[in-house]
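Remarks on the structure that follows.
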Amino acid sequence: MATGSAKARGRVHAQRAANSTAVSAAARAGFVARGVIYVLIGVLSLRIALSDGGGKQADRGGAIAEIAEKPFGTVLLWLLGVALAGMALWRLSEAAFGQAGPDGKKASKRAMAAGRFVFYGFVSYSVLSYAAGDNGSGSGSSDKNSQDVTAKALDWPGGQWIVAVAGIAVAAAGVWIAVRAIKHKFHKHLKMFEMSEKTRKAIDFLGMFGGATRGIVFAVAGVFAVVAAVQHKPGKAKGMDDTLRSFTETPAGPWLLVLIAVGLAAFGVFSWANARWRKV
């Protein structure tokens with residue numbers, strides 16, 4: 001009985017910690033950090049659309065390298081990495097105890113939170129490693145990484161099927177993200193009642209446009225993975241940088257990438273709005 005009581009008290013204390021001001025602050029810092037990365041990716045994409053991009057990568061690695069070149073860049077990277085670790089911690093608390101809202105304790109939502117914990121934990125680790133001097137960590141090419149992983153997977157038994165299923169999953173996730181943004185599903189996660197009418201309209205646009213753009217980029221990257229699987233050519237797989245550059249090869253030319261770049265930057269600003277109004 002005593003052991004059971006101690007475990008119950010432990011769960012209560014853990015849940016209180018998960019709902020604490022510190023975890024809330026960590027989540028909000030994480031949204032700020034995510035916003036910085038997406039705004040920078042948008043800026044880098046715009047440079048590529050309007051010129052050659054100066055050899056910069058329009059992905060997370062390019063954003064990290066861009067920050068590192070600025071005054072006090074290393075300090076900024078440490079802050080960014082710690083903030084992303086805060087985001088990972090918040091997602092872990094959601095996986096363990098459920099999200100805010102009436103259906104926040106559903107198994108599917110907790111599983112998604114666990115996946116996001118792993119993702120943000122990895123991103124935080126890569127940024128902090130780069131800040132600590134491992135220049136090959138955070139700024140690695142997303143294109144090369146995607147092609148290397150695809151090449152290894154294609155060599156496995158049933159590798160083509162594995163890569164194809166993974167590509168379909170990424171494409172489906174992209175479509176899901178875009179549809180939810182267009183339907184303004186983000187409303188239930190934000191304190192809309194605290195916003196003025198003008199602010200609500202601005203955040204509606206940023207969330208819809210930015211989220212839909214982000215979903216489109218994911219979906220297109222997934223399609224490239226499927227093509228790589230079908231043709232058994234790992235070089236057909238593309239990371240974010242090459243995926244974004246592929247938009248310049250459409251009939252719309254660089255102007256489609258300009259639109260995508262603005263959308264990604266909009267998602268970054270929307271992330272900053274989440275830092276202010278997100279229910280955590």
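Naming scheme: A, B, ... for chains in displayed order of the structure tokens; residues 1 onward per chain; ligands 1 onward as shown.
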field: Residue contacts of Arg28 in chain A (8 Å, only C-alpha atoms) excluding same-chain residues fewer than 5 positions away, as number ranges by chain
entry: A: 87, 274-276, 278
query: How would you write, as a VMD selection string, the set of residues in range 133-213 of chain A that DSSP gives as helix (DSSP H, G or I)?
result: chain A and resid 142 to 154 159 to 182 185 to 189 192 to 194 197 to 213
message: If we count only C-alpha atoms and set the cut-off at 12 Å, which residues sit around Ala164 in chain A, ignoring sequence neighbours fewer than 3 positions away in its own chain? Please answer as JSON, numbers by chain.
response: {"A": [150, 153, 154, 158, 159, 160, 161, 167, 168, 169, 170, 171, 221, 222, 223, 224, 225, 226, 227, 228, 229, 230, 231, 232, 233, 234, 237]}
task: Have a look at A:Pro254, A:Gly61, A:Gly86, A:Gly73 and name the one nearest to Tyr38 in chain A; count only C-alpha atoms.
output: A:Gly61
Excluding same-chain residues fewer than 3 positions from Leu264 in chain A, what lies within 9 Å of it counting only C-alpha atoms, as a PDB file with all heavy atoms, in the first residue's frame?
ATOM      1  N   TYR A  38      12.386  29.058 -39.035  1.00  0.00           N
ATOM      2  CA  TYR A  38      11.547  29.133 -40.237  1.00  0.00           C
ATOM      3  C   TYR A  38      11.653  30.492 -40.927  1.00  0.00           C
ATOM      4  O   TYR A  38      11.621  30.564 -42.167  1.00  0.00           O
ATOM      5  CB  TYR A  38      10.094  28.803 -39.899  1.00  0.00           C
ATOM      6  CG  TYR A  38       9.805  27.329 -40.037  1.00  0.00           C
ATOM      7  CD1 TYR A  38       9.858  26.490 -38.924  1.00  0.00           C
ATOM      8  CD2 TYR A  38       9.506  26.766 -41.271  1.00  0.00           C
ATOM      9  CE1 TYR A  38       9.616  25.127 -39.053  1.00  0.00           C
ATOM     10  CE2 TYR A  38       9.264  25.411 -41.407  1.00  0.00           C
ATOM     11  CZ  TYR A  38       9.320  24.596 -40.301  1.00  0.00           C
ATOM     12  OH  TYR A  38       9.085  23.246 -40.431  1.00  0.00           O
ATOM     13  N   VAL A  39      11.776  31.556 -40.169  1.00  0.00           N
ATOM     14  CA  VAL A  39      11.951  32.868 -40.797  1.00  0.00           C
ATOM     15  C   VAL A  39      13.261  32.893 -41.584  1.00  0.00           C
ATOM     16  O   VAL A  39      13.304  33.377 -42.731  1.00  0.00           O
ATOM     17  CB  VAL A  39      11.923  33.988 -39.736  1.00  0.00           C
ATOM     18  CG1 VAL A  39      12.427  35.301 -40.334  1.00  0.00           C
ATOM     19  CG2 VAL A  39      10.503  34.186 -39.207  1.00  0.00           C
ATOM     20  N   LEU A  40      14.315  32.337 -41.006  1.00  0.00           N
ATOM     21  CA  LEU A  40      15.601  32.304 -41.705  1.00  0.00           C
ATOM     22  C   LEU A  40      15.543  31.421 -42.942  1.00  0.00           C
ATOM     23  O   LEU A  40      16.113  31.757 -43.985  1.00  0.00           O
ATOM     24  CB  LEU A  40      16.708  31.826 -40.758  1.00  0.00           C
ATOM     25  CG  LEU A  40      17.169  32.847 -39.717  1.00  0.00           C
ATOM     26  CD1 LEU A  40      18.186  32.216 -38.767  1.00  0.00           C
ATOM     27  CD2 LEU A  40      17.779  34.078 -40.398  1.00  0.00           C
ATOM     28  N   ILE A  41      14.857  30.275 -42.842  1.00  0.00           N
ATOM     29  CA  ILE A  41      14.708  29.423 -44.025  1.00  0.00           C
ATOM     30  C   ILE A  41      13.948  30.177 -45.119  1.00  0.00           C
ATOM     31  O   ILE A  41      14.287  30.095 -46.301  1.00  0.00           O
ATOM     32  CB  ILE A  41      13.987  28.109 -43.666  1.00  0.00           C
ATOM     33  CG1 ILE A  41      14.891  27.244 -42.777  1.00  0.00           C
ATOM     34  CG2 ILE A  41      13.612  27.341 -44.935  1.00  0.00           C
ATOM     35  CD1 ILE A  41      14.207  25.991 -42.247  1.00  0.00           C
ATOM     36  N   GLY A  42      12.930  30.936 -44.721  1.00  0.00           N
ATOM     37  CA  GLY A  42      12.201  31.737 -45.682  1.00  0.00           C
ATOM     38  C   GLY A  42      13.084  32.773 -46.353  1.00  0.00           C
ATOM     39  O   GLY A  42      13.035  32.959 -47.575  1.00  0.00           O
ATOM     40  N   VAL A  43      13.918  33.445 -45.568  1.00  0.00           N
ATOM     41  CA  VAL A  43      14.829  34.459 -46.113  1.00  0.00           C
ATOM     42  C   VAL A  43      15.834  33.815 -47.068  1.00  0.00           C
ATOM     43  O   VAL A  43      16.100  34.339 -48.165  1.00  0.00           O
ATOM     44  CB  VAL A  43      15.563  35.191 -44.970  1.00  0.00           C
ATOM     45  CG1 VAL A  43      16.684  36.073 -45.524  1.00  0.00           C
ATOM     46  CG2 VAL A  43      14.587  36.039 -44.168  1.00  0.00           C
ATOM     47  N   SER A  45      15.454  31.039 -48.720  1.00  0.00           N
ATOM     48  CA  SER A  45      14.718  30.611 -49.917  1.00  0.00           C
ATOM     49  C   SER A  45      14.484  31.789 -50.851  1.00  0.00           C
ATOM     50  O   SER A  45      14.569  31.654 -52.084  1.00  0.00           O
ATOM     51  CB  SER A  45      13.371  29.998 -49.519  1.00  0.00           C
ATOM     52  OG  SER A  45      13.552  28.880 -48.683  1.00  0.00           O
ATOM     53  N   PHE A 209      -1.817  30.462 -44.170  1.00  0.00           N
ATOM     54  CA  PHE A 209      -0.844  30.552 -45.259  1.00  0.00           C
ATOM     55  C   PHE A 209       0.457  29.849 -44.893  1.00  0.00           C
ATOM     56  O   PHE A 209       0.980  29.029 -45.664  1.00  0.00           O
ATOM     57  CB  PHE A 209      -0.598  32.028 -45.581  1.00  0.00           C
ATOM     58  CG  PHE A 209       0.413  32.281 -46.659  1.00  0.00           C
ATOM     59  CD1 PHE A 209       0.451  31.498 -47.809  1.00  0.00           C
ATOM     60  CD2 PHE A 209       1.331  33.316 -46.539  1.00  0.00           C
ATOM     61  CE1 PHE A 209       1.372  31.739 -48.813  1.00  0.00           C
ATOM     62  CE2 PHE A 209       2.267  33.558 -47.534  1.00  0.00           C
ATOM     63  CZ  PHE A 209       2.286  32.771 -48.668  1.00  0.00           C
ATOM     64  N   GLY A 210       0.978  30.134 -43.693  1.00  0.00           N
ATOM     65  CA  GLY A 210       2.236  29.528 -43.279  1.00  0.00           C
ATOM     66  C   GLY A 210       2.122  28.024 -43.102  1.00  0.00           C
ATOM     67  O   GLY A 210       2.982  27.266 -43.561  1.00  0.00           O
ATOM     68  N   GLY A 211       1.050  27.579 -42.444  1.00  0.00           N
ATOM     69  CA  GLY A 211       0.875  26.145 -42.227  1.00  0.00           C
ATOM     70  C   GLY A 211       0.667  25.390 -43.523  1.00  0.00           C
ATOM     71  O   GLY A 211       1.209  24.288 -43.712  1.00  0.00           O
ATOM     72  N   THR A 213       1.736  26.258 -46.497  1.00  0.00           N
ATOM     73  CA  THR A 213       3.019  26.244 -47.206  1.00  0.00           C
ATOM     74  C   THR A 213       3.943  25.173 -46.641  1.00  0.00           C
ATOM     75  O   THR A 213       4.560  24.404 -47.395  1.00  0.00           O
ATOM     76  CB  THR A 213       3.702  27.616 -47.099  1.00  0.00           C
ATOM     77  OG1 THR A 213       2.843  28.618 -47.645  1.00  0.00           O
ATOM     78  CG2 THR A 213       5.029  27.619 -47.841  1.00  0.00           C
ATOM     79  N   ARG A 214       4.029  25.118 -45.335  1.00  0.00           N
ATOM     80  CA  ARG A 214       4.861  24.092 -44.687  1.00  0.00           C
ATOM     81  C   ARG A 214       4.389  22.696 -45.086  1.00  0.00           C
ATOM     82  O   ARG A 214       5.199  21.813 -45.385  1.00  0.00           O
ATOM     83  CB  ARG A 214       4.785  24.275 -43.172  1.00  0.00           C
ATOM     84  CG  ARG A 214       5.579  23.280 -42.345  1.00  0.00           C
ATOM     85  CD  ARG A 214       5.529  23.720 -40.895  1.00  0.00           C
ATOM     86  NE  ARG A 214       6.178  22.799 -39.988  1.00  0.00           N
ATOM     87  CZ  ARG A 214       5.535  22.079 -39.057  1.00  0.00           C
ATOM     88  NH1 ARG A 214       4.208  22.198 -38.933  1.00  0.00           N
ATOM     89  NH2 ARG A 214       6.189  21.276 -38.255  1.00  0.00           N
ATOM     90  N   LEU A 259       6.837  32.743 -53.407  1.00  0.00           N
ATOM     91  CA  LEU A 259       5.606  32.541 -52.633  1.00  0.00           C
ATOM     92  C   LEU A 259       5.830  31.553 -51.490  1.00  0.00           C
ATOM     93  O   LEU A 259       5.386  31.784 -50.363  1.00  0.00           O
ATOM     94  CB  LEU A 259       4.495  32.032 -53.564  1.00  0.00           C
ATOM     95  CG  LEU A 259       3.113  31.835 -52.929  1.00  0.00           C
ATOM     96  CD1 LEU A 259       2.543  33.176 -52.456  1.00  0.00           C
ATOM     97  CD2 LEU A 259       2.165  31.172 -53.926  1.00  0.00           C
ATOM     98  N   ILE A 260       6.539  30.463 -51.785  1.00  0.00           N
ATOM     99  CA  ILE A 260       6.838  29.458 -50.752  1.00  0.00           C
ATOM    100  C   ILE A 260       7.704  30.071 -49.659  1.00  0.00           C
ATOM    101  O   ILE A 260       7.492  29.837 -48.459  1.00  0.00           O
ATOM    102  CB  ILE A 260       7.548  28.238 -51.375  1.00  0.00           C
ATOM    103  CG1 ILE A 260       6.602  27.502 -52.339  1.00  0.00           C
ATOM    104  CG2 ILE A 260       8.055  27.296 -50.299  1.00  0.00           C
ATOM    105  CD1 ILE A 260       5.428  26.836 -51.693  1.00  0.00           C
ATOM    106  N   ALA A 261       8.691  30.876 -50.063  1.00  0.00           N
ATOM    107  CA  ALA A 261       9.594  31.517 -49.096  1.00  0.00           C
ATOM    108  C   ALA A 261       8.826  32.423 -48.147  1.00  0.00           C
ATOM    109  O   ALA A 261       9.027  32.390 -46.926  1.00  0.00           O
ATOM    110  CB  ALA A 261      10.668  32.311 -49.832  1.00  0.00           C
ATOM    111  N   PHE A 267       5.045  31.222 -41.469  1.00  0.00           N
ATOM    112  CA  PHE A 267       4.910  30.189 -40.438  1.00  0.00           C
ATOM    113  C   PHE A 267       5.827  30.490 -39.257  1.00  0.00           C
ATOM    114  O   PHE A 267       5.474  30.219 -38.105  1.00  0.00           O
ATOM    115  CB  PHE A 267       5.231  28.800 -41.004  1.00  0.00           C
ATOM    116  CG  PHE A 267       5.038  27.706 -40.002  1.00  0.00           C
ATOM    117  CD1 PHE A 267       3.763  27.263 -39.679  1.00  0.00           C
ATOM    118  CD2 PHE A 267       6.126  27.137 -39.346  1.00  0.00           C
ATOM    119  CE1 PHE A 267       3.573  26.266 -38.728  1.00  0.00           C
ATOM    120  CE2 PHE A 267       5.948  26.142 -38.403  1.00  0.00           C
ATOM    121  CZ  PHE A 267       4.663  25.707 -38.089  1.00  0.00           C
ATOM    122  N   GLY A 268       7.000  31.058 -39.549  1.00  0.00           N
ATOM    123  CA  GLY A 268       7.893  31.447 -38.461  1.00  0.00           C
ATOM    124  C   GLY A 268       7.265  32.508 -37.574  1.00  0.00           C
ATOM    125  O   GLY A 268       7.312  32.417 -36.341  1.00  0.00           O
ATOM    126  N   VAL A 269       6.632  33.507 -38.196  1.00  0.00           N
ATOM    127  CA  VAL A 269       5.957  34.552 -37.422  1.00  0.00           C
ATOM    128  C   VAL A 269       4.772  33.960 -36.654  1.00  0.00           C
ATOM    129  O   VAL A 269       4.507  34.332 -35.503  1.00  0.00           O
ATOM    130  CB  VAL A 269       5.493  35.698 -38.348  1.00  0.00           C
ATOM    131  CG1 VAL A 269       4.741  36.766 -37.554  1.00  0.00           C
ATOM    132  CG2 VAL A 269       6.693  36.331 -39.058  1.00  0.00           C
TER     133      VAL A 269
END
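Among the candidates A:Ala212, A:Leu89, A:Val32, A:Gly133, the residue lying nearest to Ala113 in chain A is A:Leu89 (atoms considered: only C-alpha atoms).
Nearest to Arg60 in chain A of all the residues A:Asp155, A:Ala114, A:Ser126, A:Phe205 is A:Ser126, based on only C-alpha atoms.
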- prompt: Which residues come within 12 Å of Lys185 in chain A, counting only C-alpha atoms, excluding same-chain residues fewer than 4 positions away, as a PyMOL selection string?
  reply: chain A and resi 176-181+189-190+204+207-208+211-212
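Minimum distance to Ala83 in chain A across A:Phe31, A:Trp277, A:Phe186, A:Phe122 (counting only C-alpha atoms) occurs at A:Phe31.
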Each range 52-121 of chain A residue no farther than 10 Å from range 241-249 of chain A, nearest pair in Å, only C-alpha atoms, as a Markdown table:
| residue | atom | partner | partner_atom | distance |
| --- | --- | --- | --- | --- |
| A:Lys56 | CA | A:Asp241 | CA | 9.2 |
| A:Gln57 | CA | A:Asp241 | CA | 5.8 |
| A:Ala58 | CA | A:Asp241 | CA | 4.7 |
| A:Asp59 | CA | A:Asp241 | CA | 5.3 |
| A:Arg60 | CA | A:Asp241 | CA | 8.9 |
| A:Gly61 | CA | A:Asp241 | CA | 9.4 |
| A:Gly62 | CA | A:Asp241 | CA | 8.7 |
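Residue nearest Leu46 in chain A, chosen from A:Ala85, A:Val149, A:Leu256, A:Val163 and counting only C-alpha atoms: A:Leu256.
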- line: If you count only C-alpha atoms, the residue of A:Val123, A:Ser146, A:Gln99, A:His187 closest to Ile64 in chain A turns out to be A:Val123
